[in-house]
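Below: final.tsv (TSV, C-alpha atoms and all ligand atoms)
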```
chain	number	residue	atom	x	y	z
A	583	MET	CA	0.00	0.00	0.00
A	584	ARG	CA	1.42	3.36	-0.95
A	585	SER	CA	0.69	6.46	0.98
A	586	PRO	CA	-0.12	9.65	-0.89
A	587	GLY	CA	3.06	11.38	0.19
A	588	ASP	CA	5.24	8.47	-0.70
A	589	VAL	CA	7.81	8.99	-3.38
A	590	GLY	CA	8.18	5.59	-4.92
A	591	LEU	CA	10.59	3.54	-6.95
A	592	VAL	CA	10.24	5.83	-9.92
A	593	ASP	CA	11.08	8.81	-7.76
A	594	GLY	CA	14.58	8.98	-9.11
A	595	PHE	CA	13.25	9.20	-12.64
A	596	SER	CA	10.13	11.23	-12.06
A	597	GLY	CA	11.72	14.64	-12.25
A	598	GLY	CA	10.02	15.46	-8.96
A	599	HIS	CA	11.38	17.80	-6.32
A	600	ARG	CA	13.13	15.14	-4.33
A	601	SER	CA	14.76	13.54	-7.35
A	602	THR	CA	16.26	16.91	-8.26
A	603	ILE	CA	17.70	17.19	-4.77
A	604	ARG	CA	18.83	13.58	-4.60
A	605	PHE	CA	20.74	13.44	-7.82
A	606	GLY	CA	21.77	17.09	-7.85
A	607	GLU	CA	25.02	16.51	-5.97
A	608	LEU	CA	27.12	14.13	-8.00
A	609	SER	CA	29.91	14.01	-5.39
A	610	LYS	CA	27.51	12.15	-3.10
A	611	LEU	CA	27.30	9.40	-5.71
A	612	LEU	CA	31.00	8.59	-5.24
A	613	PRO	CA	30.39	5.93	-2.55
A	614	VAL	CA	27.85	4.28	-4.89
A	615	GLY	CA	30.47	4.33	-7.62
A	616	PHE	CA	32.93	2.69	-5.24
A	617	VAL	CA	30.45	-0.11	-4.49
A	618	VAL	CA	29.77	-0.68	-8.20
A	619	ALA	CA	33.53	-0.68	-8.98
A	620	THR	CA	34.13	-3.20	-6.18
A	621	ILE	CA	31.42	-5.50	-7.53
A	622	VAL	CA	32.87	-5.27	-11.06
A	623	VAL	CA	36.47	-5.92	-9.92
A	624	LEU	CA	35.54	-8.94	-7.79
A	625	TYR	CA	33.23	-10.27	-10.52
A	626	VAL	CA	35.94	-10.07	-13.20
A	627	GLN	CA	38.50	-11.71	-10.92
A	628	TYR	CA	36.23	-14.52	-9.85
A	629	VAL	CA	34.76	-15.34	-13.25
A	630	PHE	CA	37.73	-14.68	-15.56
A	631	LEU	CA	40.56	-15.88	-13.34
A	632	HIS	CA	39.04	-18.47	-11.02
A	633	CYS	CA	36.06	-19.98	-12.87
A	634	SER	CA	37.71	-19.95	-16.30
A	635	ARG	CA	40.76	-21.76	-14.87
A	636	LEU	CA	38.55	-24.52	-13.48
A	637	LEU	CA	36.43	-24.70	-16.64
A	638	GLN	CA	39.64	-25.05	-18.74
A	639	LEU	CA	37.97	-23.40	-21.71
A	640	ASP	CA	41.32	-23.16	-23.53
A	641	LEU	CA	41.56	-26.98	-23.73
A	642	PRO	CA	39.57	-29.40	-25.91
A	643	SER	CA	36.80	-30.95	-23.83
A	644	ASP	CA	38.24	-34.50	-23.97
A	645	VAL	CA	41.49	-33.52	-22.25
A	646	ARG	CA	39.94	-31.36	-19.49
A	647	ARG	CA	40.10	-32.58	-15.91
A	648	LYS	CA	36.49	-33.48	-15.23
A	649	ASP	CA	36.53	-32.90	-11.47
A	650	GLU	CA	37.87	-29.37	-11.89
A	651	GLU	CA	35.48	-28.65	-14.74
A	652	TRP	CA	32.53	-29.77	-12.59
A	653	ARG	CA	33.66	-27.56	-9.70
A	654	GLY	CA	34.00	-24.70	-12.15
A	655	ILE	CA	30.38	-25.16	-13.26
A	656	VAL	CA	29.14	-25.28	-9.64
A	657	ASP	CA	31.17	-22.20	-8.59
A	658	PHE	CA	30.09	-20.27	-11.69
A	659	THR	CA	26.38	-21.10	-11.17
A	660	VAL	CA	26.28	-20.44	-7.42
A	661	PHE	CA	28.19	-17.18	-7.79
A	662	HIS	CA	25.90	-15.88	-10.53
A	663	ALA	CA	22.74	-16.87	-8.65
A	664	ILE	CA	23.82	-14.98	-5.52
A	665	THR	CA	25.18	-12.02	-7.48
A	666	SER	CA	21.91	-11.65	-9.43
A	667	VAL	CA	19.84	-11.32	-6.24
A	668	LEU	CA	22.50	-9.03	-4.75
A	669	LEU	CA	22.35	-6.65	-7.73
A	670	TYR	CA	18.55	-6.64	-7.66
A	671	CYS	CA	18.51	-5.82	-3.93
A	672	PHE	CA	21.16	-3.14	-4.46
A	673	GLY	CA	19.05	-1.48	-7.16
A	674	ARG	CA	15.83	-1.70	-5.15
A	675	CYS	CA	17.53	-0.47	-1.98
A	676	ALA	CA	18.92	2.57	-3.80
A	677	LEU	CA	15.82	3.42	-5.85
A	678	THR	CA	12.94	2.52	-3.54
A	679	SER	CA	11.73	5.40	-1.42
A	680	PRO	CA	12.00	4.55	2.28
A	681	GLY	CA	8.56	6.16	2.77
A	682	SER	CA	7.64	9.59	4.00
A	683	ILE	CA	4.88	11.32	5.95
A	684	PRO	CA	1.75	11.51	3.80
A	685	ASP	CA	0.20	14.82	2.84
A	686	GLY	CA	-3.20	15.59	4.26
A	687	LYS	CA	-5.05	16.36	7.41
A	688	GLY	CA	-3.68	14.96	10.58
A	689	TRP	CA	-0.04	15.23	9.65
A	690	GLU	CA	0.26	18.85	8.49
A	691	LEU	CA	1.51	21.11	11.27
A	692	GLY	CA	-1.36	23.07	12.80
A	693	SER	CA	-4.00	20.49	11.85
A	694	GLU	CA	-4.12	19.07	15.36
A	695	GLY	CA	-7.87	19.59	15.62
A	696	ALA	CA	-8.64	17.82	12.36
A	697	GLN	CA	-6.79	14.64	13.03
A	698	ASP	CA	-9.43	12.89	15.08
A	699	ALA	CA	-12.29	13.65	12.70
A	700	PRO	CA	-14.47	10.58	12.15
A	701	GLY	CA	-13.40	8.57	9.16
A	702	GLU	CA	-10.13	10.40	8.79
A	703	GLN	CA	-7.56	8.01	7.41
A	704	MET	CA	-4.71	9.23	9.54
A	705	ALA	CA	-6.84	9.72	12.58
A	706	GLY	CA	-5.61	9.48	16.08
A	707	SER	CA	-2.64	11.10	17.71
A	708	SER	CA	-3.76	8.93	20.62
A	709	ARG	CA	-2.36	5.98	18.67
A	710	LEU	CA	1.08	7.53	18.73
A	711	ILE	CA	3.50	6.35	21.38
A	712	GLU	CA	6.42	8.74	21.07
A	713	LYS	CA	5.79	12.22	22.44
A	714	LYS	CA	8.00	15.09	23.43
A	715	HIS	CA	8.88	15.56	27.12
A	716	SER	CA	6.19	18.24	27.27
A	717	GLY	CA	3.60	15.72	26.08
A	718	GLU	CA	3.18	17.40	22.68
A	719	ARG	CA	3.29	15.52	19.41
A	720	ARG	CA	6.68	15.36	17.76
A	721	HIS	CA	6.98	17.46	14.65
A	722	CYS	CA	9.52	18.25	11.96
A	723	LYS	CA	10.51	21.87	11.68
A	724	TRP	CA	11.81	21.39	8.13
A	725	CYS	CA	8.89	19.42	6.64
A	726	LEU	CA	6.31	21.26	8.82
A	727	LYS	CA	4.54	18.02	9.61
A	728	TYR	CA	3.78	15.95	12.67
A	729	LYS	CA	5.98	12.92	12.90
A	730	PRO	CA	4.65	9.37	13.17
A	731	ASP	CA	6.40	7.07	15.64
A	732	ARG	CA	9.90	5.99	14.58
A	733	CYS	CA	10.00	8.67	11.88
A	734	HIS	CA	13.04	10.96	11.63
A	735	HIS	CA	14.17	13.72	9.33
A	736	CYS	CA	17.18	13.04	7.12
A	737	ARG	CA	19.08	16.19	6.21
A	738	THR	CA	20.85	14.50	3.31
A	739	CYS	CA	17.61	13.34	1.69
A	740	ASN	CA	15.81	16.46	2.93
A	741	MET	CA	12.74	14.53	3.99
A	742	CYS	CA	11.18	12.75	6.91
A	743	VAL	CA	11.68	9.00	6.67
A	744	LEU	CA	9.21	6.45	8.05
A	745	ARG	CA	10.77	4.07	10.57
A	746	MET	CA	14.14	5.48	9.65
A	747	ASP	CA	17.02	3.09	10.17
A	748	HIS	CA	19.88	5.24	8.92
A	749	HIS	CA	21.07	7.17	5.88
A	750	CYS	CA	23.28	4.90	3.81
A	751	PRO	CA	25.81	6.76	1.59
A	752	TRP	CA	26.72	3.47	-0.14
A	753	VAL	CA	23.29	3.33	-1.79
A	754	TYR	CA	22.71	7.10	-1.59
A	755	ASN	CA	19.36	6.58	0.06
A	756	CYS	CA	17.80	6.44	3.46
A	757	ILE	CA	16.99	3.04	4.85
A	758	GLY	CA	13.45	3.14	6.16
A	759	PHE	CA	10.15	1.33	6.29
A	760	ARG	CA	9.79	0.53	2.57
A	761	ASN	CA	13.34	-0.45	1.64
A	762	HIS	CA	14.66	-1.95	4.87
A	763	LYS	CA	14.10	-5.50	3.63
A	764	PHE	CA	16.09	-4.80	0.43
A	765	PHE	CA	18.92	-3.36	2.55
A	766	PHE	CA	18.93	-6.37	4.87
A	767	LEU	CA	18.94	-8.84	1.96
A	768	LEU	CA	21.68	-6.81	0.28
A	769	LEU	CA	23.85	-7.41	3.37
A	770	ILE	CA	22.99	-11.11	3.43
A	771	TYR	CA	23.79	-11.69	-0.24
A	772	ALA	CA	26.91	-9.52	-0.14
A	773	ALA	CA	28.18	-11.59	2.81
A	774	ALA	CA	27.22	-14.83	1.03
A	775	ASP	CA	29.00	-13.78	-2.18
A	776	LEU	CA	32.14	-12.78	-0.29
A	777	ILE	CA	32.16	-16.06	1.64
A	778	VAL	CA	31.85	-18.00	-1.63
A	779	ILE	CA	34.66	-15.96	-3.21
A	780	ASN	CA	36.99	-16.38	-0.23
A	781	PHE	CA	36.50	-20.08	0.28
A	782	THR	CA	36.54	-21.18	-3.36
A	783	MET	CA	39.04	-18.75	-4.90
A	784	PHE	CA	41.73	-19.51	-2.35
A	785	GLU	CA	42.61	-22.63	-4.32
A	786	THR	CA	43.27	-20.56	-7.45
A	787	VAL	CA	45.46	-18.14	-5.48
A	788	TRP	CA	47.43	-21.08	-4.13
A	789	TRP	CA	47.66	-22.58	-7.63
A	790	SER	CA	49.10	-19.33	-8.99
A	791	THR	CA	51.99	-19.51	-6.51
A	792	ARG	CA	52.78	-23.12	-7.56
A	793	THR	CA	52.48	-22.74	-11.30
A	794	ASP	CA	54.42	-20.84	-13.88
A	795	VAL	CA	52.05	-17.90	-14.29
A	796	ALA	CA	52.77	-14.24	-14.93
A	797	ILE	CA	53.73	-12.37	-11.78
A	798	SER	CA	51.05	-9.77	-12.56
A	799	MET	CA	48.35	-12.46	-12.47
A	800	MET	CA	49.66	-13.85	-9.19
A	801	PHE	CA	49.71	-10.33	-7.74
A	802	THR	CA	46.19	-9.57	-8.99
A	803	LEU	CA	44.82	-12.78	-7.49
A	804	ALA	CA	46.55	-12.22	-4.14
A	805	CYS	CA	45.30	-8.61	-3.92
A	806	GLY	CA	41.78	-9.62	-4.93
A	807	ALA	CA	41.66	-12.39	-2.32
A	808	THR	CA	42.96	-10.08	0.42
A	809	PHE	CA	40.44	-7.38	-0.51
A	810	ALA	CA	37.61	-9.94	-0.56
A	811	ALA	CA	38.68	-11.28	2.85
A	812	PHE	CA	38.72	-7.77	4.30
A	813	LEU	CA	35.25	-7.04	2.89
A	814	MET	CA	33.93	-10.38	4.12
A	815	VAL	CA	34.91	-9.60	7.73
A	816	LEU	CA	33.46	-6.10	7.46
A	817	THR	CA	30.19	-7.19	5.85
A	818	THR	CA	29.52	-10.17	8.11
A	819	THR	CA	30.17	-8.03	11.20
A	820	PHE	CA	27.78	-5.37	9.92
A	821	LEU	CA	25.23	-8.04	9.03
A	822	GLY	CA	25.55	-9.52	12.53
A	823	PHE	CA	24.81	-6.10	14.03
A	824	HIS	CA	21.70	-5.70	11.86
A	825	VAL	CA	20.48	-9.21	12.67
A	826	TRP	CA	20.77	-8.29	16.36
A	827	LEU	CA	18.95	-4.98	15.80
A	828	MET	CA	16.16	-6.77	13.90
A	829	ALA	CA	15.79	-9.42	16.60
A	830	LYS	CA	15.53	-6.65	19.20
A	831	ALA	CA	13.03	-4.60	17.12
A	832	MET	CA	15.38	-1.63	16.99
A	833	THR	CA	16.51	0.68	14.24
A	834	THR	CA	20.05	2.04	14.09
A	835	VAL	CA	18.69	5.48	15.06
A	836	GLU	CA	16.90	4.04	18.09
A	837	PHE	CA	20.02	2.10	19.09
A	838	CYS	CA	22.11	5.29	18.90
A	839	GLU	CA	19.52	7.28	20.86
A	840	LYS	CA	19.50	4.67	23.60
A	841	SER	CA	23.29	4.61	23.67
A	842	LEU	CA	23.38	8.39	24.02
A	843	LYS	CA	20.84	8.26	26.83
A	844	LYS	CA	22.79	5.36	28.36
A	845	GLU	CA	19.50	3.47	28.57
A	846	ASN	CA	19.14	-0.26	28.46
A	847	TYR	CA	19.57	-0.74	24.73
A	848	ASP	CA	18.85	-4.44	24.92
A	849	SER	CA	15.12	-3.90	24.59
A	850	SER	CA	12.73	-1.89	22.48
A	851	ILE	CA	9.24	-0.65	23.25
A	852	TYR	CA	8.27	-2.02	19.83
A	853	ASP	CA	9.34	-5.57	20.69
A	854	GLN	CA	6.76	-8.08	19.41
A	855	GLY	CA	8.74	-11.23	20.18
A	856	LEU	CA	11.42	-12.69	17.91
A	857	TYR	CA	9.02	-13.96	15.23
A	858	GLY	CA	7.06	-10.71	15.16
A	859	ASN	CA	10.26	-8.67	14.99
A	860	LEU	CA	11.52	-10.67	12.01
A	861	CYS	CA	8.13	-10.27	10.27
A	862	ALA	CA	8.32	-6.51	10.85
A	863	VAL	CA	11.39	-6.32	8.61
A	864	LEU	CA	11.24	-9.36	6.32
A	865	GLY	CA	7.49	-9.69	5.78
A	866	PRO	CA	4.77	-12.01	7.10
A	867	GLN	CA	5.71	-15.11	5.07
A	868	PRO	CA	8.79	-16.96	6.44
A	869	LEU	CA	9.27	-18.87	3.17
A	870	LEU	CA	9.81	-15.53	1.42
A	871	TRP	CA	12.02	-13.94	4.06
A	872	LEU	CA	15.20	-14.40	2.02
A	873	LEU	CA	13.68	-13.27	-1.27
A	874	PRO	CA	13.23	-9.61	-2.29
A	875	VAL	CA	9.42	-9.92	-2.35
A	876	SER	CA	6.71	-9.83	0.35
A	877	GLN	CA	7.18	-6.56	2.16
A	878	PRO	CA	6.22	-6.18	5.84
A	879	ARG	CA	2.61	-5.34	6.63
A	880	GLY	CA	1.41	-1.96	7.81
A	881	ASP	CA	1.69	1.62	6.64
A	882	GLY	CA	4.84	2.57	8.55
A	883	LEU	CA	2.89	5.28	10.39
A	884	TYR	CA	1.56	3.47	13.45
A	885	TRP	CA	3.44	0.94	15.52
A	886	LYS	CA	2.29	-1.35	18.28
A	887	GLY	CA	4.06	-0.58	21.53
A	888	TYR	CA	5.03	-3.22	24.01
A	889	GLY	CA	2.60	-3.00	26.94
A	890	SER	CA	1.70	0.52	27.95
A	891	LYS	CA	5.21	1.91	27.95
A	892	ARG	CA	5.59	5.32	26.50
A	893	ALA	CA	8.71	6.60	24.90
A	894	SER	CA	9.41	10.21	25.48
A	895	ALA	CA	11.32	11.28	22.46
A	896	SER	CA	13.21	14.47	22.73
A	897	SER	CA	12.98	16.33	19.47
A	898	SER	CA	16.02	18.36	20.42
A	899	ARG	CA	18.22	15.30	20.25
A	900	GLU	CA	16.96	14.47	16.80
A	901	GLY	CA	19.34	17.06	15.44
A	902	ALA	CA	21.99	14.37	15.57
A	903	VAL	CA	20.13	12.21	13.08
A	904	ALA	CA	17.85	14.85	11.72
A	1001	ZN	ZN	11.26	16.33	8.05
A	1002	ZN	ZN	18.74	10.07	3.93
```

Show me the file's structure as structure tokens.
Amino acid sequence: MRSPGDVGLVDGFSGGHRSTIRFGELSKLLPVGFVVATIVVLYVQYVFLHCSRLLQLDLPSDVRRKDEEWRGIVDFTVFHAITSVLLYCFGRCALTSPGSIPDGKGWELGSEGAQDAPGEQMAGSSRLIEKKHSGERRHCKWCLKYKPDRCHHCRTCNMCVLRMDHHCPWVYNCIGFRNHKFFFLLLIYAAADLIVINFTMFETVWWSTRTDVAISMMFTLACGATFAAFLMVLTTTFLGFHVWLMAKAMTTVEFCEKSLKKENYDSSIYDQGLYGNLCAVLGPQPLLWLLPVSQPRGDGLYWKGYGSKRASASSSREGAVA
């Protein structure tokens, strides 16, 4: 379900206000370029140095070593399957709008009285959990709108983001309610790809040190393997952190706020139990959790709180993430 104020997948191509802002600063696309370059370099190394060696394409088929050829086919297929999903998730994560506050009564600043009108779609500030210390509704001074729970303003994207997780420069987009699953799967498939590269390409690196190959090829393979190992450690650590956050029903912003407040950041007021927390990010169907389909239910505006706890969100602190 798309909310009226949502700028969707086509946002980047729509010529709308936000797309002008988003793609107006080319320097901010540099991290995206770095990610694309990394994918291309590792792809070329893996396919053209490792897989082609195992496939022995330079030899007639009757003299090829069958065991190596078979492993080449398996490595090539597995690597391409994972990389395809990874690229799809990368594209969707970068181009899907994380979701923003809808236009209309109830969310516009100064429309406090209209929000509880019967039949109003966005009715009910009473359904909101997070309030300011003074008891007032949280609002955004840049967007001039009331904020739903878990919503924060991103200065880079210049918009309020529903259930904001964080702004990710590597995809030049905010990670929020509508693209969090793509971001999470991107981490999973990036980690999977790097694990496959590290554990299967090592043999080719070793082979290059034992065989009469050009020193440049040996050097390229060694550098590529080291780079892939470094990225694997980084990515799996980051993935582990996000798995923990998801299991605890916390966003990165909420984790940072709790750390700043020195609160117990082992629990969230939005905790719905482990299964419920996984569904809140990966969707309601467990069989589709690892596929980039089946988005989580809800509109990203209202969230069920755990018990009757109330979070008092200080809008002044939001400057750090806002
Ligand atoms: Zn805002
Ligand atoms: Zn952002």

For A:Arg635, please output as a JSON list (two decimals) with C-alpha atoms, in the coordinates of the input all residues within 10 Å (counting only C-alpha atoms; exclusion window: fewer than 4 positions along the same chain).
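Here's the written file selection_0.json:
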```json
[["chain", "number", "residue", "atom", "x", "y", "z"],
["A", 628, "TYR", "CA", 36.23, -14.52, -9.85],
["A", 629, "VAL", "CA", 34.76, -15.34, -13.25],
["A", 630, "PHE", "CA", 37.73, -14.68, -15.56],
["A", 631, "LEU", "CA", 40.56, -15.88, -13.34],
["A", 639, "LEU", "CA", 37.97, -23.40, -21.71],
["A", 640, "ASP", "CA", 41.32, -23.16, -23.53],
["A", 650, "GLU", "CA", 37.87, -29.37, -11.89],
["A", 651, "GLU", "CA", 35.48, -28.65, -14.74],
["A", 654, "GLY", "CA", 34.00, -24.70, -12.15],
["A", 786, "THR", "CA", 43.27, -20.56, -7.45]]
```

* **12 Å contact set for A:Thr791, all atoms listed in the file, chain neighbours under 4 positions out, as a list of chain:residue names** => A:Phe784, A:Glu785, A:Thr786, A:Val787, A:Val795, A:Ala796, A:Ile797, A:Ser798, A:Met799, A:Met800, A:Phe801, A:Thr802, A:Leu803, A:Ala804

Just the residues within 9 Å of stretch 864-869 of chain A, please, counting all atoms listed in the file, with nothing from its chain fewer than 2 positions along; format it as a CSV table (one decimal) with C-alpha atoms, in the frame of the given file.
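Below is the file that was written, around17.csv:
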```csv
chain,number,residue,atom,x,y,z
A,762,HIS,CA,14.7,-2.0,4.9
A,763,LYS,CA,14.1,-5.5,3.6
A,764,PHE,CA,16.1,-4.8,0.4
A,766,PHE,CA,18.9,-6.4,4.9
A,767,LEU,CA,18.9,-8.8,2.0
A,858,GLY,CA,7.1,-10.7,15.2
A,859,ASN,CA,10.3,-8.7,15.0
A,860,LEU,CA,11.5,-10.7,12.0
A,861,CYS,CA,8.1,-10.3,10.3
A,862,ALA,CA,8.3,-6.5,10.8
A,871,TRP,CA,12.0,-13.9,4.1
A,872,LEU,CA,15.2,-14.4,2.0
A,873,LEU,CA,13.7,-13.3,-1.3
A,874,PRO,CA,13.2,-9.6,-2.3
A,875,VAL,CA,9.4,-9.9,-2.4
A,876,SER,CA,6.7,-9.8,0.4
A,877,GLN,CA,7.2,-6.6,2.2
A,878,PRO,CA,6.2,-6.2,5.8
A,879,ARG,CA,2.6,-5.3,6.6
```

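The space separating atom CA of A:Arg745 from atom CA of A:Leu611 comes to 23.8 Å.
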
* To do: Enter the distance from atom CA of A:His824 to atom CA of A:Val617, in Å, rounded to one decimal.
  =>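 Atom-to-atom, atom CA of A:His824 to atom CA of A:Val617, that is 19.4 Å.
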
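The residue that comes closest to A:Leu691, out of A:Ala663, A:Asn740, A:Leu726, A:Gly673 and on the basis of all atoms listed in the file, is A:Leu726.
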